[in-house]
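So the structure is just underneath, and the comments pick up after that.
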Amino acid sequence: MLKMKILLFLFSLKTAFCTCNPEVKKSGFERGRSSYKVTRLGRMPQVINESSGLVMAESDTVFWTNNDGGSKPILYKISRNGDILDSLQLTATKNTDWEDLAKDKAGYVYVGDFGNNLNARKDLTIYKLHPQKPQHIEQITYQYQDQEAYPPAKETRNFDCEAFFGHNGQLYLFSKNRGNKTVKMYSLPGKAGQHTARVTDEVYLQSQVTAADINPSESAFALLSYGKVFLFQLDAKEPTFKNPYLCIKLARGQAEALTFINETDFIISNEKGKLFLVEKKK
């Protein structure tokens with residue numbers, strides 16, 4: 001227990017003192033912290049012991065969230081201050097390592113069961129469901145185009161994913177950045193079946209990516225990491241890393257989930273269940 005507390009303390013220090021300097025120099029971001037205001041909204045109850053994904057439900061004041069791997073396969077509906085309003089038990093699924101959530105314009109929610117710390121999983125799955133019909137669940141299974149060994153050599157173990165979003169019928173997944181600090185973007189169809197996730201782009205990020213989302217007009221997307229948020233502009237049919245925009249330093253603990261609530265503002269949650277609103281200053 002003491003060792004764990006020490007590790008968490010050291011991690012908090014590392015997050016608090018991280019900077020955007022590496023990504024500004026190597027990847028072309030601008031510093032954006034001064035353009036945003038951060039407000040703490042509330043805290044989720046202990047039953048949500050590690051909020052790992054977050055998407056809007058029917059409005060920008062209600063959200064779906066999930067616990068990380070090994071927990072019961074349940075989606076929790078919460079308010080902005082963290083109160084539980086409802087829950088969906090997805091009994092036809094298994095929470096091997098649930099990470100991020102995504103949502104499309106038709107209202108379907110996607111549950112990413114693709115946590116892969118050891119880079120050895122061959123059962124990577126994304127569950128697709130509509131909250132109004134939770135008993136009907138589609139399974140999207142896949143493998144990575146560039147993974148040949150399970151696990152591969154240690155220096156190339158960059159097949160752990162905790163972040164994705166949907167766009168134009170496709171799902172876009174992001175590797176954490178293990179190995180050479182490269183985050184890879186993958187694409188696969190957002191429909192049931194066995195698919196190959198193809199590599200579409202990559203970018204240098206020093207921080208590990210833990211969540212992703214795209215704004216309502218699909219003109220920008222965000223990647224959340226430990227201590228930072230990276231914003232990219234999107235002006236093409238397919239998301240790319242070619243238009244890095246802002247790096248926003250946000251030392252709010254081990255942040256795990258992010259969802260846009262409008263074109264510029266988003267909500268994040270951390271491993272302690274705290275919720276924060278990040279608003280662009282007028």
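By convention in this document, the chains of the structure tokens carry letters A, B, ... by their order, each chain's residues are numbered from 1, and ligands are numbered from 1 in the order they are shown.
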Within 10 Å of range 192-209 of chain A, which residues of range 230-270 of chain A come that close, and what is the closest atom pair and distance in Å for each? Count only C-alpha atoms and give it as JSON lines.
```
{"residue": "A:Phe230", "atom": "CA", "partner": "A:Leu205", "partner_atom": "CA", "distance": 9.0}
{"residue": "A:Glu238", "atom": "CA", "partner": "A:Thr200", "partner_atom": "CA", "distance": 9.0}
{"residue": "A:Pro239", "atom": "CA", "partner": "A:Thr200", "partner_atom": "CA", "distance": 8.7}
{"residue": "A:Thr240", "atom": "CA", "partner": "A:Asp201", "partner_atom": "CA", "distance": 6.2}
{"residue": "A:Phe241", "atom": "CA", "partner": "A:Val203", "partner_atom": "CA", "distance": 6.4}
{"residue": "A:Lys242", "atom": "CA", "partner": "A:Asp201", "partner_atom": "CA", "distance": 8.7}
{"residue": "A:Pro244", "atom": "CA", "partner": "A:Val203", "partner_atom": "CA", "distance": 9.5}
{"residue": "A:Ala255", "atom": "CA", "partner": "A:Val209", "partner_atom": "CA", "distance": 9.7}
{"residue": "A:Glu256", "atom": "CA", "partner": "A:Val209", "partner_atom": "CA", "distance": 8.7}
```
Counting only C-alpha atoms, which residues of range 158-195 of chain A fall within 12 Å of range 77-101 of chain A, and what is the closest atom pair for each with its distance in Å at one decimal, ordered by chain and rising number, as a tab-separated table?
```
residue	atom	partner	partner_atom	distance
A:Asp160	CA	A:Glu99	CA	10.5
A:Cys161	CA	A:Glu99	CA	8.0
A:Glu162	CA	A:Glu99	CA	5.1
A:Ala163	CA	A:Asp100	CA	5.4
A:Phe164	CA	A:Asp100	CA	6.6
A:Phe165	CA	A:Leu101	CA	7.7
A:Gly166	CA	A:Leu101	CA	10.0
A:Leu171	CA	A:Leu101	CA	11.3
A:Tyr172	CA	A:Asp100	CA	11.7
A:Leu173	CA	A:Asp100	CA	9.9
A:Phe174	CA	A:Asp100	CA	10.6
A:Lys176	CA	A:Glu99	CA	11.7
```
- Message: DSSP on the backbone, strand (DSSP E or B) only: what residues of range 11-213 of chain A does that give? Format it as a ChimeraX atom specification.
- Response: /A:30-31,36-43,51-56,62-67,74-79,84-89,101-103,109-113,125-130,133-144,161-167,170-175,182-189,193-204,209-213
- Item | Contact residues around range 210-227 of chain A with only C-alpha atoms at 9 Å, ignoring same-chain residues under 6 positions, as a ChimeraX atom specification | /A:14-19,52-55,99-102,105,161-167,173-176,233-236,239,248-266,268
- Item | alpha helix (DSSP H) per DSSP on the backbone: members of range 8-81 of chain A, as a PyMOL selection string | chain A and resi 8-16+21-27
- Message: Would you pick out the contacts of range 114-128 of chain A at 7 Å or less, using only C-alpha atoms, so that residues sharing its chain but fewer than 4 positions from it are not included, and give the list as a PyMOL selection string?
- Response: chain A and resi 97-99+108-110+137-143+150-151+157+159-162
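The smallest atom-to-atom distance between Glu271 in chain A and any of A:Leu75, A:Val62, A:Ala153, A:Met44, using only C-alpha atoms, is found for A:Met44.
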- Pick the closest to Lys280 in chain A from A:Ser34, A:Asn67, A:Ser27, A:Ser187: which is it, counting only C-alpha atoms?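 For Lys280 in chain A, the nearest of the candidates is A:Ser34.
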- Message: Set the distance at 8 Å and use only C-alpha atoms: which residues neighbour Val38 in chain A once local chain neighbours fewer than 5 positions away are removed? I'd like the list as a list in words.
- Response: Phe276, Leu277, Val278 and Glu279 of chain A
Serialized selection, C-alpha atoms, as a PDB file, in the first residue's frame:
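Listed below is the output, selection.pdb:
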```pdb
ATOM      1  CA  PHE A 276     -13.791  19.299 -14.741  1.00  0.00           C
ATOM      2  CA  LEU A 277     -15.208  21.730 -17.313  1.00  0.00           C
ATOM      3  CA  VAL A 278     -12.607  23.193 -19.687  1.00  0.00           C
ATOM      4  CA  GLU A 279     -13.988  26.319 -21.370  1.00  0.00           C
TER       5      GLU A 279
END
```
